[in-house]
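Chemist: Input file: entry_3.cif. Contents: mmCIF, C-alpha atoms and all ligand atoms.
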```cif
data_run
#
loop_
_atom_site.label_atom_id
_atom_site.label_comp_id
_atom_site.auth_asym_id
_atom_site.auth_seq_id
_atom_site.Cartn_x
_atom_site.Cartn_y
_atom_site.Cartn_z
CA MET A 119 0.00 0.00 0.00
CA SER A 120 1.68 3.13 -1.12
CA ILE A 121 0.89 6.73 -0.53
CA SER A 122 -2.06 7.71 -2.64
CA HIS A 123 -3.24 11.02 -1.28
CA HIS A 124 -0.99 13.98 -1.82
CA PRO A 125 -1.15 17.67 -1.05
CA ASP A 126 -2.51 20.05 -3.65
CA ASP A 127 0.18 21.23 -6.09
CA ALA A 128 -0.72 24.76 -5.06
CA THR A 129 0.11 23.90 -1.46
CA LEU A 130 3.42 22.43 -2.55
CA MET A 131 4.14 25.57 -4.54
CA SER A 132 3.58 27.70 -1.47
CA PHE A 133 5.83 25.41 0.51
CA ALA A 134 8.58 25.84 -2.08
CA ALA A 135 8.03 29.58 -2.08
CA GLY A 136 8.25 29.60 1.70
CA THR A 137 4.87 31.13 2.31
CA LEU A 138 3.12 28.40 4.27
CA SER A 139 2.71 29.07 7.95
CA GLU A 140 4.72 26.89 10.28
CA PRO A 141 2.21 24.12 11.01
CA PHE A 142 1.39 23.68 7.33
CA ALA A 143 5.06 23.69 6.41
CA ILE A 144 5.79 21.07 9.05
CA VAL A 145 3.06 18.80 7.71
CA ILE A 146 4.30 19.22 4.15
CA ALA A 147 7.92 18.65 5.17
CA SER A 148 6.82 15.48 6.95
CA HIS A 149 4.92 14.26 3.92
CA LEU A 150 7.91 14.98 1.69
CA GLU A 151 10.04 12.77 3.87
CA MET A 152 7.62 9.94 3.17
CA CYS A 153 6.67 10.61 -0.43
CA GLY A 154 9.04 10.40 -3.38
CA HIS A 155 6.33 11.62 -5.71
CA CYS A 156 5.97 14.92 -3.91
CA ARG A 157 9.71 15.24 -3.38
CA GLU A 158 9.99 15.31 -7.15
CA THR A 159 7.31 17.94 -7.39
CA ASN A 160 9.01 19.94 -4.67
CA ARG A 161 12.31 19.81 -6.52
CA SER A 162 10.66 21.22 -9.61
CA LEU A 163 8.99 23.91 -7.61
CA ALA A 164 12.22 24.83 -5.83
CA MET A 165 13.83 25.00 -9.24
CA LEU A 166 11.09 27.35 -10.30
CA GLY A 167 12.14 29.51 -7.35
CA GLY A 168 15.68 29.61 -8.71
CA ALA A 169 14.39 30.63 -12.11
CA VAL A 170 12.18 33.32 -10.61
CA LEU A 171 15.08 34.60 -8.51
CA GLU A 172 17.22 35.01 -11.60
CA GLY A 173 14.55 37.23 -13.03
CA ALA A 174 14.08 39.30 -9.90
CA ALA A 175 14.60 43.03 -10.23
CA PRO A 176 17.97 43.66 -8.60
CA GLU A 177 18.50 46.03 -5.74
CA GLU A 178 21.91 47.58 -5.49
CA LEU A 179 24.04 46.24 -2.68
CA SER A 180 25.34 48.76 -0.19
CA ALA A 181 28.80 50.18 -0.75
CA GLY A 182 30.56 48.14 1.89
CA ALA A 183 28.64 44.92 1.27
CA VAL A 184 31.36 43.00 -0.51
CA ALA A 185 34.09 43.96 1.92
CA SER A 186 32.04 43.22 4.99
CA LEU A 187 30.91 39.87 3.64
CA LEU A 188 34.46 38.83 2.78
CA ALA A 189 35.62 39.95 6.19
CA ARG A 190 33.15 37.60 7.81
CA LEU A 191 34.20 34.47 5.96
CA ASP A 192 36.63 33.45 8.66
CA GLU A 193 34.25 33.94 11.51
CA PRO A 194 33.76 30.76 13.47
CA VAL A 195 30.66 28.90 12.37
CA PRO A 196 28.01 29.10 15.07
CA VAL A 197 27.37 25.75 16.61
CA ASN A 198 23.86 24.55 16.30
CA GLY A 199 23.07 22.77 19.50
CA HIS A 200 20.08 21.05 18.04
CA ARG A 201 20.00 17.35 18.50
CA ILE A 202 18.11 15.18 16.12
CA VAL A 203 16.41 12.23 17.70
CA LYS A 204 15.27 9.68 15.24
CA GLY A 205 11.83 8.73 16.32
CA GLN A 206 10.04 5.59 15.33
CA LEU A 207 6.47 4.89 14.64
CA PRO A 208 4.82 2.27 16.81
CA ASP A 209 4.39 -1.29 15.66
CA GLY A 210 3.24 -2.02 12.22
CA SER A 211 5.40 0.89 11.49
CA ALA A 212 3.92 2.85 8.74
CA ARG A 213 5.11 1.30 5.54
CA GLY A 214 8.59 1.33 6.87
CA HIS A 215 8.71 5.09 7.21
CA ALA A 216 10.71 6.51 10.00
CA PHE A 217 8.93 9.11 12.03
CA PRO A 218 9.37 12.38 10.12
CA GLU A 219 12.32 14.45 11.21
CA ALA A 220 10.26 17.60 10.74
CA LEU A 221 8.03 16.38 13.57
CA THR A 222 10.89 14.99 15.60
CA ARG A 223 12.49 18.43 15.62
CA LEU A 224 9.28 19.94 16.84
CA LEU A 225 8.54 17.39 19.51
CA GLY A 226 12.06 16.63 20.60
CA GLY A 227 11.37 12.98 19.94
CA GLY A 228 8.98 10.56 18.28
CA LEU A 229 5.38 9.83 19.05
CA ASP A 230 6.30 8.80 22.56
CA ALA A 231 7.42 12.37 23.20
CA ILE A 232 3.87 13.63 22.80
CA LYS A 233 2.12 14.50 26.02
CA TRP A 234 -1.38 13.38 25.19
CA ARG A 235 -4.42 15.03 26.63
CA HIS A 236 -7.56 13.04 27.22
CA VAL A 237 -10.49 14.30 25.17
CA VAL A 238 -13.13 11.61 25.34
CA PRO A 239 -12.71 7.88 25.87
CA GLY A 240 -10.55 6.55 23.07
CA VAL A 241 -9.49 9.95 21.81
CA GLU A 242 -6.50 11.99 22.91
CA ASP A 243 -4.92 15.04 21.43
CA ARG A 244 -2.10 17.50 21.72
CA LEU A 245 -2.41 21.05 20.46
CA ILE A 246 0.51 23.30 19.57
CA LYS A 247 -0.18 26.92 18.73
CA PHE A 248 1.85 28.94 16.31
CA PRO A 249 1.18 32.62 16.46
CA ASN A 250 2.14 34.40 13.27
CA ARG A 251 1.41 37.67 11.60
CA ARG A 252 -1.81 36.27 10.19
CA GLY A 253 -3.15 35.10 13.51
CA VAL A 254 -2.73 31.83 15.30
CA HIS A 255 -2.31 28.66 13.31
CA THR A 256 -2.22 25.31 15.00
CA LEU A 257 -0.85 21.86 14.76
CA ARG A 258 -2.88 19.21 16.47
CA PHE A 259 -1.87 15.63 17.03
CA LEU A 260 -4.68 13.22 17.49
CA ARG A 261 -4.70 9.63 18.64
CA ALA A 262 -7.86 7.58 18.45
CA ILE A 263 -8.88 3.97 18.73
CA PRO A 264 -10.44 2.00 15.86
CA GLY A 265 -13.96 2.92 14.94
CA LYS A 266 -13.77 6.28 16.65
CA GLU A 267 -15.12 9.23 14.83
CA LEU A 268 -12.97 12.32 14.94
CA PRO A 269 -14.43 15.75 15.54
CA GLU A 270 -16.80 17.00 12.97
CA HIS A 271 -16.24 20.56 12.08
CA ALA A 272 -16.86 23.13 9.48
CA HIS A 273 -13.76 24.73 8.07
CA SER A 274 -13.02 28.32 8.74
CA GLY A 275 -9.73 28.00 6.90
CA SER A 276 -7.51 25.48 5.22
CA GLU A 277 -6.74 22.23 6.90
CA LEU A 278 -3.98 19.78 6.15
CA THR A 279 -4.12 16.30 7.63
CA LEU A 280 -1.29 13.79 7.67
CA VAL A 281 -1.82 10.24 8.86
CA LEU A 282 1.14 8.90 10.79
CA HIS A 283 -0.16 5.55 11.87
CA GLY A 284 -3.23 3.44 11.28
CA ALA A 285 -5.92 4.49 8.86
CA LEU A 286 -8.54 7.16 8.56
CA ARG A 287 -11.59 7.33 6.35
CA ASP A 288 -12.34 10.88 5.39
CA GLY A 289 -15.32 11.26 3.12
CA GLY A 290 -14.75 8.82 0.30
CA HIS A 291 -11.03 8.58 0.94
CA LEU A 292 -9.11 6.04 2.91
CA LEU A 293 -5.94 7.59 4.24
CA GLY A 294 -3.02 5.50 5.43
CA PRO A 295 0.36 6.45 6.84
CA GLY A 296 1.95 9.22 4.84
CA ASP A 297 -1.31 10.16 3.13
CA VAL A 298 -2.42 13.75 3.19
CA SER A 299 -5.83 15.36 3.01
CA ASP A 300 -5.61 18.93 1.80
CA MET A 301 -8.90 20.65 2.53
CA ASP A 302 -9.97 23.99 1.29
CA ASP A 303 -11.91 26.35 3.46
CA GLU A 304 -15.20 24.87 2.40
CA GLY A 305 -17.07 21.96 3.80
CA THR A 306 -17.55 19.84 6.82
CA HIS A 307 -16.10 16.49 7.50
CA SER A 308 -15.77 13.93 10.22
CA PRO A 309 -13.07 11.37 9.60
CA VAL A 310 -13.38 7.93 11.13
CA VAL A 311 -10.61 5.65 12.33
CA GLU A 312 -10.68 2.55 10.21
CA GLY A 313 -9.15 -0.88 10.62
CA ALA A 314 -7.81 -2.55 13.73
CA GLU A 315 -5.05 -0.16 14.63
CA THR A 316 -4.97 2.97 16.66
CA CYS A 317 -4.78 5.97 14.38
CA VAL A 318 -2.34 8.78 14.93
CA CYS A 319 -2.58 11.81 12.73
CA VAL A 320 -1.66 15.44 12.73
CA PHE A 321 -3.73 18.39 11.52
CA ALA A 322 -2.51 21.82 10.53
CA ASN A 323 -5.18 24.47 10.81
CA GLU A 324 -5.66 28.13 10.20
CA GLY A 325 -7.21 29.64 13.27
CA ALA A 326 -7.28 28.31 16.80
CA SER A 327 -10.72 29.43 17.82
CA ARG A 328 -12.31 26.83 15.68
CA PHE A 329 -11.39 24.15 18.16
CA LYS A 330 -13.93 25.52 20.57
CA GLN A 331 -16.61 24.59 18.12
CA LEU A 332 -15.59 21.01 17.97
CA LYS A 333 -18.09 18.48 19.09
CA PHE A 334 -16.85 15.04 19.76
CA ARG A 335 -19.26 12.29 19.17
CA VAL A 336 -18.81 9.48 21.55
CA LEU A 337 -20.82 7.23 19.34
CA GLN A 338 -19.00 4.80 17.27
CA LYS A 339 -19.86 5.01 13.69
CA LEU A 340 -20.43 2.18 11.33
CA ILE A 341 -17.58 1.94 8.94
CA GLY A 342 -17.85 2.34 5.24
CA ILE A 343 -20.29 4.26 3.17
CA MET B 1310 14.43 7.97 2.86
CA SER B 1311 11.68 5.89 1.45
CA THR B 1312 11.44 5.20 -2.20
CA ILE B 1313 7.71 4.84 -2.05
CA GLY B 1314 5.90 6.94 -4.54
CA LYS B 1315 6.67 7.41 -8.14
CA PRO B 1316 8.39 10.42 -9.53
CA VAL B 1317 5.88 12.96 -10.53
CA ILE B 1318 7.12 13.17 -14.03
CA GLN B 1319 6.00 9.81 -15.15
CA GLY B 1320 6.87 8.44 -18.50
CA THR B 1321 9.95 10.53 -18.69
CA ASP B 1322 13.38 10.31 -17.35
CA VAL B 1323 13.77 13.97 -17.03
CA PRO B 1324 14.60 14.97 -13.53
CA VAL B 1325 12.66 18.09 -13.20
CA SER B 1326 15.20 19.51 -10.98
CA SER B 1327 16.50 18.59 -7.71
CA GLU B 1328 16.27 20.82 -4.76
CA SER B 1329 19.40 22.28 -6.04
CA ALA B 1330 19.96 21.12 -9.52
CA ALA B 1331 23.06 22.54 -10.95
CA ASP B 1332 23.38 26.00 -11.54
CA GLY B 1333 22.34 29.10 -13.04
CA THR B 1334 23.47 28.57 -16.59
CA PRO B 1335 23.67 32.17 -17.48
CA ALA B 1336 25.10 31.49 -20.88
CA MET B 1337 21.66 30.82 -22.22
CA SER B 1338 19.57 33.67 -23.15
CA MET B 1339 16.19 33.49 -21.64
CA HIS B 1340 13.29 35.71 -21.73
CA LEU B 1341 11.34 35.83 -18.61
CA ALA B 1342 7.82 36.99 -18.60
CA SER B 1343 7.34 40.63 -19.23
CA SER B 1344 6.36 41.28 -15.68
CA VAL B 1345 9.76 40.11 -14.58
CA GLN B 1346 12.61 42.44 -15.02
CA ARG B 1347 15.60 40.80 -16.51
CA ILE B 1348 18.92 41.31 -14.97
CA GLY B 1349 20.91 40.33 -17.98
CA LEU B 1350 22.27 37.13 -16.58
CA ASP B 1351 23.25 35.99 -20.00
CA THR B 1352 26.13 38.41 -19.93
CA LYS B 1353 27.21 37.66 -16.42
CA PRO B 1354 29.86 35.22 -15.34
CA GLU B 1355 28.79 31.63 -15.27
CA LEU B 1356 27.13 31.06 -11.96
CA ALA B 1357 27.60 27.33 -12.24
CA ALA B 1358 31.33 27.64 -12.72
CA LEU B 1359 31.60 30.13 -9.89
CA MET B 1360 29.61 27.95 -7.57
CA ALA B 1361 31.74 24.96 -8.44
CA ARG B 1362 34.88 26.89 -7.58
CA VAL B 1363 33.38 27.92 -4.27
CA ALA B 1364 32.16 24.43 -3.45
CA LEU B 1365 35.24 22.55 -4.47
CA GLY B 1366 38.01 24.98 -3.82
CA GLN B 1367 36.72 27.50 -1.32
CA ASP B 1368 37.68 30.05 -3.90
CA ARG B 1369 37.15 33.50 -2.44
CA ASP B 1370 37.40 35.32 -5.67
CA ALA B 1371 34.71 33.13 -7.22
CA PHE B 1372 32.62 33.67 -4.11
CA ARG B 1373 32.95 37.42 -4.44
CA GLN B 1374 31.86 37.24 -8.07
CA LEU B 1375 28.95 35.02 -7.17
CA PHE B 1376 27.84 37.55 -4.57
CA VAL B 1377 28.18 40.50 -6.89
CA THR B 1378 26.35 38.65 -9.65
CA ILE B 1379 23.32 37.26 -7.88
CA GLY B 1380 23.35 39.14 -4.56
CA PRO B 1381 21.46 42.14 -5.96
CA ALA B 1382 18.63 39.88 -7.16
CA VAL B 1383 18.44 38.27 -3.72
CA LYS B 1384 18.27 41.70 -2.14
CA GLY B 1385 15.64 42.77 -4.66
CA MET B 1386 13.55 39.76 -3.75
CA LEU B 1387 13.84 40.45 -0.02
CA VAL B 1388 12.85 44.06 -0.49
CA ARG B 1389 9.80 42.99 -2.46
CA GLN B 1390 8.94 40.69 0.40
CA GLY B 1391 8.68 43.67 2.65
CA ALA B 1392 12.09 43.75 4.28
CA ASP B 1393 13.44 47.25 4.82
CA ARG B 1394 16.75 47.90 3.12
CA GLY B 1395 18.80 47.36 6.24
CA THR B 1396 17.18 44.03 6.96
CA ALA B 1397 17.40 42.99 3.32
CA GLU B 1398 21.09 43.81 3.27
CA GLU B 1399 21.61 41.83 6.44
CA LEU B 1400 19.71 38.83 5.12
CA VAL B 1401 21.67 38.91 1.87
CA GLN B 1402 24.87 38.81 3.91
CA GLU B 1403 23.56 35.92 5.97
CA THR B 1404 22.46 34.11 2.84
CA PHE B 1405 25.89 34.28 1.29
CA LEU B 1406 27.63 33.44 4.55
CA THR B 1407 25.50 30.31 4.60
CA VAL B 1408 26.41 29.63 0.98
CA TRP B 1409 30.07 29.87 1.96
CA ARG B 1410 29.77 27.74 5.06
CA LYS B 1411 27.67 25.06 3.49
CA ALA B 1412 29.34 25.17 0.10
CA GLU B 1413 30.63 21.65 0.41
CA GLN B 1414 27.03 20.42 0.62
CA PHE B 1415 26.34 21.88 -2.77
CA SER B 1416 26.41 19.39 -5.59
CA ALA B 1417 26.51 20.63 -9.13
CA GLU B 1418 25.16 17.33 -10.41
CA ARG B 1419 22.05 17.75 -8.38
CA GLY B 1420 21.21 21.33 -8.41
CA SER B 1421 21.33 24.84 -9.61
CA ALA B 1422 23.21 27.51 -7.71
CA THR B 1423 20.32 29.92 -7.94
CA THR B 1424 17.85 27.34 -6.68
CA TRP B 1425 20.11 26.63 -3.76
CA ILE B 1426 20.61 30.31 -3.01
CA PHE B 1427 16.88 30.93 -3.33
CA THR B 1428 16.21 28.17 -0.82
CA ILE B 1429 18.75 29.49 1.67
CA ALA B 1430 17.39 33.04 1.42
CA ARG B 1431 13.86 31.69 1.76
CA ASN B 1432 14.72 29.77 4.92
CA LEU B 1433 16.48 32.74 6.47
CA ARG B 1434 13.47 34.89 5.76
CA ILE B 1435 11.18 32.31 7.36
CA ASP B 1436 13.44 32.21 10.41
CA ARG B 1437 13.35 35.96 10.63
CA LEU B 1438 9.58 36.09 10.42
CA ARG B 1439 9.35 33.37 13.00
CA ARG B 1440 11.37 35.45 15.41
CA GLU B 1441 8.81 38.21 15.15
CA VAL B 1442 6.44 36.10 17.18
CA PRO B 1443 7.49 34.18 20.23
CA TRP B 1444 7.50 30.47 20.08
CA GLN B 1445 9.92 27.63 20.02
CA GLU B 1446 12.89 27.20 17.74
CA LEU B 1447 12.53 24.64 15.06
CA GLY B 1448 16.21 23.96 14.69
CA GLU B 1449 18.19 23.20 11.61
CA ASP B 1450 16.49 24.17 8.42
CA GLN B 1451 15.62 21.16 6.51
CA ASN B 1452 15.56 22.02 2.90
CA GLU B 1453 18.98 23.19 2.04
CA GLN B 1454 20.57 19.88 1.52
CA ALA B 1455 20.62 18.33 -1.87
CA SER B 1456 18.24 15.45 -2.07
CA ASP B 1457 19.60 11.98 -1.59
CA ASP B 1458 17.17 10.59 -4.08
CA PRO B 1459 18.82 8.91 -6.97
CA LEU B 1460 18.44 10.75 -10.19
CA PRO B 1461 17.48 8.88 -13.32
CA ASP B 1462 20.40 7.65 -15.33
CA GLU B 1463 19.47 9.49 -18.42
CA GLN B 1464 18.86 13.06 -17.72
CA LEU B 1465 19.11 16.50 -19.06
CA SER B 1466 22.04 18.31 -17.65
CA SER B 1467 21.11 20.56 -14.81
CA GLN B 1468 22.03 23.43 -17.08
CA GLN B 1469 19.44 22.32 -19.59
CA ILE B 1470 16.86 21.95 -16.87
CA GLN B 1471 17.49 25.42 -15.58
CA THR B 1472 17.32 26.81 -19.08
CA ARG B 1473 14.08 25.07 -19.78
CA MET B 1474 12.57 26.12 -16.48
CA LYS B 1475 13.17 29.73 -17.36
CA ALA B 1476 11.81 29.20 -20.83
CA VAL B 1477 8.62 27.69 -19.42
CA LEU B 1478 8.31 30.51 -16.95
CA ALA B 1479 8.47 32.91 -19.86
CA THR B 1480 5.59 31.21 -21.65
CA LEU B 1481 3.15 31.03 -18.77
CA PRO B 1482 -0.02 33.07 -19.22
CA ALA B 1483 0.15 36.39 -17.42
CA ASP B 1484 -2.30 35.43 -14.68
CA GLN B 1485 -0.25 32.35 -13.84
CA THR B 1486 3.03 34.25 -13.92
CA GLU B 1487 1.47 36.74 -11.59
CA VAL B 1488 0.62 34.23 -8.86
CA VAL B 1489 4.04 32.61 -9.21
CA GLN B 1490 5.70 35.99 -8.81
CA LEU B 1491 3.56 36.95 -5.86
CA ALA B 1492 4.35 33.70 -4.08
CA TYR B 1493 8.05 33.39 -4.81
CA LEU B 1494 9.16 36.98 -5.02
CA GLU B 1495 6.77 38.74 -2.71
CA GLY B 1496 6.35 35.88 -0.30
CA LEU B 1497 2.57 36.04 -0.21
CA SER B 1498 0.35 33.19 0.94
CA HIS B 1499 -2.62 31.92 -1.05
CA GLY B 1500 -4.94 34.06 1.01
CA GLU B 1501 -2.82 37.18 0.67
CA ILE B 1502 -2.59 36.72 -3.08
CA ALA B 1503 -6.36 36.29 -3.31
CA GLU B 1504 -6.84 39.48 -1.35
CA LYS B 1505 -4.35 41.40 -3.40
CA LEU B 1506 -5.81 40.30 -6.74
CA LYS B 1507 -9.38 40.36 -5.47
CA VAL B 1508 -10.06 36.88 -6.75
CA PRO B 1509 -11.35 33.84 -4.87
CA LEU B 1510 -8.84 31.63 -3.08
CA GLY B 1511 -9.71 28.78 -5.41
CA THR B 1512 -8.70 30.86 -8.40
CA VAL B 1513 -5.27 31.50 -6.94
CA LYS B 1514 -4.79 27.82 -6.30
CA SER B 1515 -5.97 26.76 -9.71
CA ARG B 1516 -3.62 29.22 -11.40
CA MET B 1517 -0.77 27.76 -9.40
CA ARG B 1518 -1.80 24.24 -10.31
CA LEU B 1519 -2.00 25.17 -13.98
CA ALA B 1520 1.43 26.76 -13.85
CA TYR B 1521 2.88 23.62 -12.35
CA GLN B 1522 1.07 21.43 -14.86
CA LYS B 1523 2.59 23.45 -17.64
CA ILE B 1524 6.06 23.06 -16.21
CA LYS B 1525 5.52 19.37 -15.75
CA SER B 1526 4.22 18.77 -19.24
CA SER B 1527 6.96 20.81 -20.78
CA PHE B 1528 9.49 18.50 -19.19
CA GLN B 1529 7.50 15.52 -20.36
CA ASP B 1530 7.36 16.78 -23.91
CA ALA B 1531 11.06 17.23 -23.83
CA SER B 1532 11.85 13.62 -23.21
ZN ZN A 1601 2.95 12.99 -1.90
#
```
When written as structure tokens, how does the structure in this file appear?

Modeler:
Amino acid sequence: MSISHHPDDATLMSFAAGTLSEPFAIVIASHLEMCGHCRETNRSLAMLGGAVLEGAAPEELSAGAVASLLARLDEPVPVNGHRIVKGQLPDGSARGHAFPEALTRLLGGGLDAIKWRHVVPGVEDRLIKFPNRRGVHTLRFLRAIPGKELPEHAHSGSELTLVLHGALRDGGHLLGPGDVSDMDDEGTHSPVVEGAETCVCVFANEGASRFKQLKFRVLQKLIGI
Amino acid sequence: MSTIGKPVIQGTDVPVSSESAADGTPAMSMHLASSVQRIGLDTKPELAALMARVALGQDRDAFRQLFVTIGPAVKGMLVRQGADRGTAEELVQETFLTVWRKAEQFSAERGSATTWIFTIARNLRIDRLRREVPWQELGEDQNEQASDDPLPDEQLSSQQIQTRMKAVLATLPADQTEVVQLAYLEGLSHGEIAEKLKVPLGTVKSRMRLAYQKIKSSFQDAS
């Protein structure tokens, strides 16, 4: 079973251009680690950035720019104290994918580094807020047992979902590890955990207030439509 | 790194770039869309050759030429993205310091100098914006390293890819060029572009998709 649901090309273009907000960029970076198809697309789109840069209207460098740059070449390179911990997905490890480094950097570890918060029986989450100049965007990890329906909500902005473990049925789509659902600002949906495994996924959202509107259904839903 | 997933350019062995496919190939004359001002790269020293000298030999003179050649475009981009001149100047310096320090990671077989420089400048800008609002550090930027993915055996040279990319860019319809420019040069999000152009969000996205489709098919046709 290979990755079959990819981000919108327009989302990938914004990633390459560097205009996605942090949570969205983290989800895309994670998907890229798992998806050769999108890595290819991303390479093209980065290349497009190089081409666009070559056509950019130049702005004259300041008089001392060359000298001051050359004078700095021998400065000691700042040491980056960041430590990369290679996380692992739990058993049945997602098509052999390692836990994405983009998420490892954020969490300081793998899935076991997440401090889960109880939501309702069978559902836990972890919310990370990212204030930016456009407001507050969020990244939310969610862990739910099989058959559990995730929060139904109407979108007030874009939402990007990445499945890390297990499987999720979202509308007509079955999402497995590495798969992405790239939702526009329209519509309502309520994904359901499918199969026998616990599902772990991560959602990037525009706007934090929307979480207050979430209603968790404790009912288990019949699978398959 | 998993090999799951097929390359997007199916049915062709053209590597449509790598994160940093080699070089700027200034020898070719290309005509960018009319909304893009040309900087006459075709008359400037070969960026690829300069970058190679920096990467392989830590050649300071080549580095200086590289800076003088493409630095003004980087600064121009940063200014368009809203940086004041002081900040832009500072970020250009940081960009080229990073180029110097990480030069050994640059691989001419895999990427273009301008793509690599674009990516470094982009990441520095993102870091800078991130610092405007308090939250945690993300650590090492992830997208500056050349991809480890194997490239197809038969391939266009990175110079040809770069040339073609610019040619495709020049042939995009104006509305597609516009969204590409606004994203890459001005650093605007989908929503900001939609606001600026007074078009629905979906329109912005579909123009971007079409632009990418055109790039993709042009590389397919070429094989
Ligand atoms: Zn993908």

Chemist: Quick one: which chain A residues come within 10 Å of ligand ZN 1601 (chain A), and what is the nearest atom pair for each with the distance in Å to one decimal, counting only C-alpha atoms and all ligand atoms, rows ordered by chain and ascending number, as CSV?

Modeler:
```
residue,atom,partner,partner_atom,distance
A:Ser120,CA,A:ZN1601,ZN,10.0
A:Ile121,CA,A:ZN1601,ZN,6.7
A:Ser122,CA,A:ZN1601,ZN,7.3
A:His123,CA,A:ZN1601,ZN,6.5
A:His124,CA,A:ZN1601,ZN,4.1
A:Pro125,CA,A:ZN1601,ZN,6.3
A:Asp126,CA,A:ZN1601,ZN,9.1
A:Asp127,CA,A:ZN1601,ZN,9.7
A:Leu130,CA,A:ZN1601,ZN,9.5
A:Ile146,CA,A:ZN1601,ZN,8.8
A:Ser148,CA,A:ZN1601,ZN,10.0
A:His149,CA,A:ZN1601,ZN,6.3
A:Leu150,CA,A:ZN1601,ZN,6.4
A:Glu151,CA,A:ZN1601,ZN,9.1
A:Met152,CA,A:ZN1601,ZN,7.5
A:Cys153,CA,A:ZN1601,ZN,4.7
A:Gly154,CA,A:ZN1601,ZN,6.8
A:His155,CA,A:ZN1601,ZN,5.3
A:Cys156,CA,A:ZN1601,ZN,4.1
A:Arg157,CA,A:ZN1601,ZN,7.3
A:Glu158,CA,A:ZN1601,ZN,9.1
A:Thr159,CA,A:ZN1601,ZN,8.6
A:Asn160,CA,A:ZN1601,ZN,9.6
A:Gly296,CA,A:ZN1601,ZN,7.8
A:Asp297,CA,A:ZN1601,ZN,7.2
A:Val298,CA,A:ZN1601,ZN,7.4
```

Chemist: Measure the distance from atom CA of Gly1391 of chain B to atom CA of Glu1495 of chain B in Å and round it to one decimal.

Modeler: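 These two atoms are separated by 7.5 Å.
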
Chemist: Enter the distance from atom CA of Ala1520 of chain B to atom CA of Met131 of chain A, in Å, rounded to one decimal.

Modeler: 9.8 Å

Chemist: As a PyMOL selection string, please: the residues near Leu1438 of chain B (cut-off 9 Å, only C-alpha atoms, same-chain neighbours under 5 positions excluded).

Modeler: (chain A and resi 250-251) or (chain B and resi 1433)

Chemist: One decimal, Å: what's the distance from atom CA of Phe259 of chain A over to atom CA of Arg244 of chain A, could you say?

Modeler: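 Taking atom CA of Phe259 of chain A and atom CA of Arg244 of chain A, their separation equals 5.1 Å.
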
Chemist: Please list as JSON, numbers by chain every residue within 9 Å of Leu188 of chain A, counting all atoms listed in the file and excluding residues in the same chain fewer than 2 positions away.

Modeler: {"A": [183, 184, 185, 186, 190, 191, 192], "B": [1369, 1372, 1373, 1406]}

Chemist: With all atoms listed in the file as the counted atoms, please give the residues lying no more than 7 Å from Lys247 of chain A, apart from itself and same-chain residues fewer than 4 positions off, as an NGL selection string.

Modeler: :A and (254-257)
